[in-house]
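J.: Please find one structure pasted underneath; my questions will follow.
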Amino acid sequence: MSNNNKKKDERTRNWTFVVYPESAPENWREIINELHVPWVESPLHDKDVDPNGEVKKLHWHILMMFPSNKAYNQIREITTKLRAPNPQKVASAKGLVRYMIHMDNPEKYQYSKSDIISYAGAEISSYLSATTAERYELIREMMTFINENEIIEMKDLLDYAMRERFDDWFQLLCDNSAYIIDSYIKSNRHQRYKIEENEK
């Protein structure tokens, strides 16, 4: 392999690194923002544990998404200013964003989607959407909740989801599951009225 090809292989658009609150300069976000590049900050990971059960050092995961390929040394210049460990190439931006909240790692602490922060136009909503299997599970959860709480109006479920389940139920209801859930609530209401009529 020629040197030119080797250099090309080592460059990529998406890079990640970890920032530690204890060592980063206070203005670390401003340092990144001055680059005017889309980037994503994870929630503060303050509940991660190592294999021995010890709490890991507090940290943020950072994803930087450049419009063109960048070499390791270019990104290392940034992490040096942030007093952060060596950067790593990102194989999948979607996978990394989902890892920021341990979305696909149920054995790990589940951080909130709403605590992920996007900068400079970074668009990540599609990365965080539920998989088909997750969507069906969430619909099942909502139906169980409707039955257990005798919900007979869509407004009551939406109000609850907006307050208590904004990261999953509410988004699902707004995007693509309102019809089936509304039909289920109507059926629940009709069944309840039928029982009440029979009891008269």
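Here's how to read the names in the structure tokens: chain A, B, ... by the order shown, residue numbers from 1 in each chain, ligand numbers from 1 in the order shown.
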Enumerate the residues of segment 11-109 of chain A with a DSSP assignment of alpha helix (DSSP H), computed from the backbone, and present them as a ChimeraX atom specification.

T.: /A:28-33,72-81,93-99

J.: Can you build me a table of segment 19-60 of chain A residues sitting at most 6 Å from segment 81-95 of chain A, with the closest atom pair per residue and its distance in Å to one decimal, using only C-alpha atoms, sorted by chain and residue number, as a Markdown table?

T.:
| residue | atom | partner | partner_atom | distance |
| --- | --- | --- | --- | --- |
| A:Val19 | CA | A:Ala84 | CA | 5.3 |
| A:Ala24 | CA | A:Leu82 | CA | 5.3 |
| A:Trp28 | CA | A:Leu82 | CA | 5.9 |

J.: Fewer than 4 positions away in the same chain doesn't count, so skip those; otherwise give me all residues within 10 Å of Leu58 of chain A, counting only C-alpha atoms, as a VMD selection string.

T.: chain A and resid 18 to 22 44 to 48

J.: Would you mind exporting the chosen residues as a short mmCIF file (atom, residue, chain, number, x, y, z; two decimals), in the first residue's frame, restricted to N, CA, C and O atoms?

T.:
data_model
loop_
_atom_site.label_atom_id
_atom_site.label_comp_id
_atom_site.auth_asym_id
_atom_site.auth_seq_id
_atom_site.Cartn_x
_atom_site.Cartn_y
_atom_site.Cartn_z
N VAL A 18 -13.24 11.84 25.12
CA VAL A 18 -13.86 12.01 26.43
C VAL A 18 -13.32 13.27 27.07
O VAL A 18 -12.13 13.57 26.96
N VAL A 19 -14.20 14.02 27.73
CA VAL A 19 -13.80 15.20 28.48
C VAL A 19 -14.09 14.96 29.96
O VAL A 19 -15.19 14.53 30.31
N TYR A 20 -13.09 15.20 30.80
CA TYR A 20 -13.24 15.02 32.25
C TYR A 20 -13.42 16.39 32.93
O TYR A 20 -12.58 17.28 32.75
N PRO A 21 -14.49 16.57 33.71
CA PRO A 21 -14.71 17.86 34.39
C PRO A 21 -13.53 18.28 35.27
O PRO A 21 -13.22 19.46 35.37
N GLU A 22 -12.85 17.30 35.86
CA GLU A 22 -11.78 17.63 36.80
C GLU A 22 -10.54 18.21 36.13
O GLU A 22 -9.74 18.90 36.77
N LEU A 44 -23.67 14.15 31.39
CA LEU A 44 -22.52 13.87 32.26
C LEU A 44 -22.65 12.44 32.77
O LEU A 44 -23.63 12.10 33.42
N HIS A 45 -21.66 11.62 32.46
CA HIS A 45 -21.68 10.23 32.92
C HIS A 45 -21.14 10.19 34.35
O HIS A 45 -19.93 10.18 34.58
N ASP A 46 -22.06 10.19 35.29
CA ASP A 46 -21.68 10.20 36.70
C ASP A 46 -22.12 8.94 37.44
O ASP A 46 -21.99 8.85 38.66
N LYS A 47 -22.65 7.98 36.68
CA LYS A 47 -23.12 6.74 37.30
C LYS A 47 -22.55 5.50 36.61
O LYS A 47 -23.05 4.41 36.81
N ASP A 48 -21.53 5.66 35.80
CA ASP A 48 -20.88 4.51 35.16
C ASP A 48 -20.02 3.78 36.19
O ASP A 48 -19.37 4.41 37.02
#

J.: Could you state the separation of atom CA of Tyr127 of chain A and atom CA of Arg98 of chain A in Å, given to one decimal place?

T.: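 Taking atom CA of Tyr127 of chain A as the start and atom CA of Arg98 of chain A as the end point, the length is 6.9 Å.
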
J.: So that I can check the secondary structure, give me every residue of chain A assigned strand (DSSP E or B) by backbone DSSP, as a PyMOL selection string.

T.: chain A and resi 12-19+39-41+45+49+55+59-70+88-89+117-119

J.: Can you write out the residues you just picked, keeping N, CA and C atoms, as a PDB file, in the first residue's frame?

T.:
ATOM      1  N   THR A  12     -10.816  10.577   8.720  1.00  0.00           N
ATOM      2  CA  THR A  12     -12.259  10.345   8.728  1.00  0.00           C
ATOM      3  C   THR A  12     -12.964  11.622   9.159  1.00  0.00           C
ATOM      4  N   ARG A  13     -14.262  11.678   8.940  1.00  0.00           N
ATOM      5  CA  ARG A  13     -15.034  12.895   9.252  1.00  0.00           C
ATOM      6  C   ARG A  13     -15.454  12.956  10.714  1.00  0.00           C
ATOM      7  N   ASN A  14     -15.813  11.813  11.283  1.00  0.00           N
ATOM      8  CA  ASN A  14     -16.372  11.793  12.640  1.00  0.00           C
ATOM      9  C   ASN A  14     -15.360  11.287  13.661  1.00  0.00           C
ATOM     10  N   TRP A  15     -15.186  12.069  14.720  1.00  0.00           N
ATOM     11  CA  TRP A  15     -14.220  11.737  15.766  1.00  0.00           C
ATOM     12  C   TRP A  15     -14.887  11.844  17.136  1.00  0.00           C
ATOM     13  N   THR A  16     -14.372  11.072  18.091  1.00  0.00           N
ATOM     14  CA  THR A  16     -14.891  11.132  19.451  1.00  0.00           C
ATOM     15  C   THR A  16     -13.744  11.193  20.455  1.00  0.00           C
ATOM     16  N   PHE A  17     -14.064  11.743  21.600  1.00  0.00           N
ATOM     17  CA  PHE A  17     -13.124  11.759  22.714  1.00  0.00           C
ATOM     18  C   PHE A  17     -13.915  11.996  23.991  1.00  0.00           C
ATOM     19  N   VAL A  18     -13.239  11.844  25.118  1.00  0.00           N
ATOM     20  CA  VAL A  18     -13.864  12.006  26.427  1.00  0.00           C
ATOM     21  C   VAL A  18     -13.320  13.271  27.072  1.00  0.00           C
ATOM     22  N   VAL A  19     -14.203  14.018  27.735  1.00  0.00           N
ATOM     23  CA  VAL A  19     -13.797  15.205  28.484  1.00  0.00           C
ATOM     24  C   VAL A  19     -14.087  14.957  29.955  1.00  0.00           C
ATOM     25  N   TRP A  39     -21.290  19.356  16.631  1.00  0.00           N
ATOM     26  CA  TRP A  39     -20.788  18.417  17.626  1.00  0.00           C
ATOM     27  C   TRP A  39     -21.863  18.108  18.658  1.00  0.00           C
ATOM     28  N   VAL A  40     -21.660  17.015  19.372  1.00  0.00           N
ATOM     29  CA  VAL A  40     -22.665  16.510  20.311  1.00  0.00           C
ATOM     30  C   VAL A  40     -21.999  16.217  21.649  1.00  0.00           C
ATOM     31  N   GLU A  41     -22.668  16.631  22.716  1.00  0.00           N
ATOM     32  CA  GLU A  41     -22.189  16.405  24.089  1.00  0.00           C
ATOM     33  C   GLU A  41     -23.138  15.436  24.784  1.00  0.00           C
ATOM     34  N   HIS A  45     -21.662  11.616  32.460  1.00  0.00           N
ATOM     35  CA  HIS A  45     -21.677  10.228  32.924  1.00  0.00           C
ATOM     36  C   HIS A  45     -21.136  10.192  34.352  1.00  0.00           C
ATOM     37  N   VAL A  49     -20.013   2.459  36.108  1.00  0.00           N
ATOM     38  CA  VAL A  49     -19.182   1.666  37.019  1.00  0.00           C
ATOM     39  C   VAL A  49     -18.265   0.749  36.226  1.00  0.00           C
ATOM     40  N   VAL A  55     -17.376   3.327  40.928  1.00  0.00           N
ATOM     41  CA  VAL A  55     -17.877   4.395  40.061  1.00  0.00           C
ATOM     42  C   VAL A  55     -16.712   4.991  39.275  1.00  0.00           C
ATOM     43  N   HIS A  59     -17.348  12.013  33.409  1.00  0.00           N
ATOM     44  CA  HIS A  59     -16.890  12.368  32.069  1.00  0.00           C
ATOM     45  C   HIS A  59     -18.055  12.631  31.126  1.00  0.00           C
ATOM     46  N   TRP A  60     -17.739  13.336  30.047  1.00  0.00           N
ATOM     47  CA  TRP A  60     -18.656  13.506  28.925  1.00  0.00           C
ATOM     48  C   TRP A  60     -18.073  12.802  27.710  1.00  0.00           C
ATOM     49  N   HIS A  61     -18.945  12.220  26.880  1.00  0.00           N
ATOM     50  CA  HIS A  61     -18.538  11.713  25.571  1.00  0.00           C
ATOM     51  C   HIS A  61     -18.846  12.797  24.544  1.00  0.00           C
ATOM     52  N   ILE A  62     -17.893  13.049  23.665  1.00  0.00           N
ATOM     53  CA  ILE A  62     -18.049  14.085  22.652  1.00  0.00           C
ATOM     54  C   ILE A  62     -17.968  13.464  21.261  1.00  0.00           C
ATOM     55  N   LEU A  63     -18.881  13.873  20.383  1.00  0.00           N
ATOM     56  CA  LEU A  63     -18.839  13.477  18.974  1.00  0.00           C
ATOM     57  C   LEU A  63     -18.679  14.741  18.139  1.00  0.00           C
ATOM     58  N   MET A  64     -17.650  14.786  17.307  1.00  0.00           N
ATOM     59  CA  MET A  64     -17.452  15.904  16.385  1.00  0.00           C
ATOM     60  C   MET A  64     -17.661  15.407  14.959  1.00  0.00           C
ATOM     61  N   MET A  65     -18.474  16.154  14.195  1.00  0.00           N
ATOM     62  CA  MET A  65     -18.846  15.732  12.845  1.00  0.00           C
ATOM     63  C   MET A  65     -18.379  16.783  11.836  1.00  0.00           C
ATOM     64  N   PHE A  66     -17.235  16.541  11.258  1.00  0.00           N
ATOM     65  CA  PHE A  66     -16.628  17.493  10.329  1.00  0.00           C
ATOM     66  C   PHE A  66     -17.208  17.322   8.921  1.00  0.00           C
ATOM     67  N   PRO A  67     -17.239  18.393   8.146  1.00  0.00           N
ATOM     68  CA  PRO A  67     -17.747  18.280   6.767  1.00  0.00           C
ATOM     69  C   PRO A  67     -16.783  17.556   5.830  1.00  0.00           C
ATOM     70  N   SER A  68     -15.517  17.442   6.247  1.00  0.00           N
ATOM     71  CA  SER A  68     -14.525  16.728   5.431  1.00  0.00           C
ATOM     72  C   SER A  68     -13.627  15.901   6.350  1.00  0.00           C
ATOM     73  N   ASN A  69     -12.878  14.998   5.758  1.00  0.00           N
ATOM     74  CA  ASN A  69     -12.014  14.124   6.546  1.00  0.00           C
ATOM     75  C   ASN A  69     -10.930  14.905   7.286  1.00  0.00           C
ATOM     76  N   LYS A  70     -10.654  14.465   8.515  1.00  0.00           N
ATOM     77  CA  LYS A  70      -9.599  15.077   9.322  1.00  0.00           C
ATOM     78  C   LYS A  70      -8.649  13.989   9.798  1.00  0.00           C
ATOM     79  N   GLN A  88     -10.542   9.247  19.083  1.00  0.00           N
ATOM     80  CA  GLN A  88     -10.713   7.993  18.353  1.00  0.00           C
ATOM     81  C   GLN A  88     -11.633   8.219  17.165  1.00  0.00           C
ATOM     82  N   LYS A  89     -11.377   7.467  16.092  1.00  0.00           N
ATOM     83  CA  LYS A  89     -12.260   7.523  14.931  1.00  0.00           C
ATOM     84  C   LYS A  89     -13.611   6.898  15.305  1.00  0.00           C
ATOM     85  N   ILE A 117     -26.846  17.182  24.261  1.00  0.00           N
ATOM     86  CA  ILE A 117     -26.866  18.536  23.713  1.00  0.00           C
ATOM     87  C   ILE A 117     -26.176  18.558  22.358  1.00  0.00           C
ATOM     88  N   SER A 118     -26.868  19.116  21.366  1.00  0.00           N
ATOM     89  CA  SER A 118     -26.305  19.267  20.025  1.00  0.00           C
ATOM     90  C   SER A 118     -25.884  20.712  19.811  1.00  0.00           C
ATOM     91  N   TYR A 119     -24.761  20.892  19.131  1.00  0.00           N
ATOM     92  CA  TYR A 119     -24.236  22.225  18.854  1.00  0.00           C
ATOM     93  C   TYR A 119     -24.014  22.409  17.353  1.00  0.00           C
TER      94      TYR A 119
END

J.: Write out as a list in words which residues come within 8 Å of segment 153-166 of chain A when counting only C-alpha atoms, dropping same-chain ones fewer than 5 positions away.

T.: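 Near neighbours after the sequence-gap exclusion: Ile146, Gln171, Leu173, Asp182, Ile185, Lys186 and Arg189 of chain A.
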
J.: For the residues in the current selection, export N, CA and C atoms as a CSV table (one decimal), in the first residue's frame.

T.:
chain,number,residue,atom,x,y,z
A,146,ILE,N,-52.9,2.3,30.0
A,146,ILE,CA,-54.3,2.7,29.8
A,146,ILE,C,-55.3,1.8,30.5
A,171,GLN,N,-43.0,11.2,22.2
A,171,GLN,CA,-42.4,11.3,20.9
A,171,GLN,C,-43.1,10.2,19.9
A,173,LEU,N,-46.1,8.9,20.3
A,173,LEU,CA,-47.5,9.4,20.0
A,173,LEU,C,-47.5,10.5,19.0
A,182,ASP,N,-55.1,5.8,20.1
A,182,ASP,CA,-56.4,6.4,20.2
A,182,ASP,C,-57.5,5.4,19.9
A,185,ILE,N,-57.9,3.5,23.2
A,185,ILE,CA,-58.6,4.2,24.2
A,185,ILE,C,-60.1,4.3,23.9
A,186,LYS,N,-60.5,4.5,22.7
A,186,LYS,CA,-61.9,4.6,22.3
A,186,LYS,C,-62.6,3.3,22.6
A,189,ARG,N,-63.1,3.1,26.2
A,189,ARG,CA,-64.2,3.9,26.7
A,189,ARG,C,-65.5,3.3,26.4

J.: Between atom CA of Met142 of chain A and atom CA of Glu197 of chain A, what distance in Å does the model show, to one decimal?

T.: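 About the pair atom CA of Met142 of chain A and atom CA of Glu197 of chain A: they are 26.7 Å apart.
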
J.: Write out as a PDB file with N, CA and C atoms, in the first residue's frame which residues come within 10 Å of Ser129 of chain A when counting only C-alpha atoms, dropping same-chain ones fewer than 6 positions away.

T.:
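Produced file out_35.pdb, reproduced below:
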ATOM      1  N   ARG A  98     -26.239   6.839  20.467  1.00  0.00           N
ATOM      2  CA  ARG A  98     -27.076   5.944  21.276  1.00  0.00           C
ATOM      3  C   ARG A  98     -26.310   5.457  22.512  1.00  0.00           C
ATOM      4  N   ARG A 135     -40.359   0.075  19.593  1.00  0.00           N
ATOM      5  CA  ARG A 135     -41.635   0.771  19.398  1.00  0.00           C
ATOM      6  C   ARG A 135     -42.804  -0.117  19.834  1.00  0.00           C
ATOM      7  N   ASP A 167     -39.428  11.510  26.694  1.00  0.00           N
ATOM      8  CA  ASP A 167     -38.364  10.949  25.858  1.00  0.00           C
ATOM      9  C   ASP A 167     -38.798   9.763  25.010  1.00  0.00           C
ATOM     10  N   ASP A 168     -39.887   9.090  25.377  1.00  0.00           N
ATOM     11  CA  ASP A 168     -40.261   7.918  24.585  1.00  0.00           C
ATOM     12  C   ASP A 168     -41.748   7.902  24.204  1.00  0.00           C
ATOM     13  N   GLN A 171     -42.958  11.176  22.226  1.00  0.00           N
ATOM     14  CA  GLN A 171     -42.427  11.262  20.869  1.00  0.00           C
ATOM     15  C   GLN A 171     -43.071  10.236  19.949  1.00  0.00           C
ATOM     16  N   LEU A 172     -43.304   9.042  20.484  1.00  0.00           N
ATOM     17  CA  LEU A 172     -43.934   7.986  19.692  1.00  0.00           C
ATOM     18  C   LEU A 172     -45.369   8.375  19.322  1.00  0.00           C
ATOM     19  N   ASP A 175     -45.243  11.034  16.629  1.00  0.00           N
ATOM     20  CA  ASP A 175     -44.677  10.631  15.344  1.00  0.00           C
ATOM     21  C   ASP A 175     -45.522   9.632  14.562  1.00  0.00           C
TER      22      ASP A 175
END

J.: Interatomic distance between atom CA of Leu35 of chain A and atom CA of Asn73 of chain A?

T.: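 Atom-to-atom, atom CA of Leu35 of chain A to atom CA of Asn73 of chain A, that is 15.6 Å.
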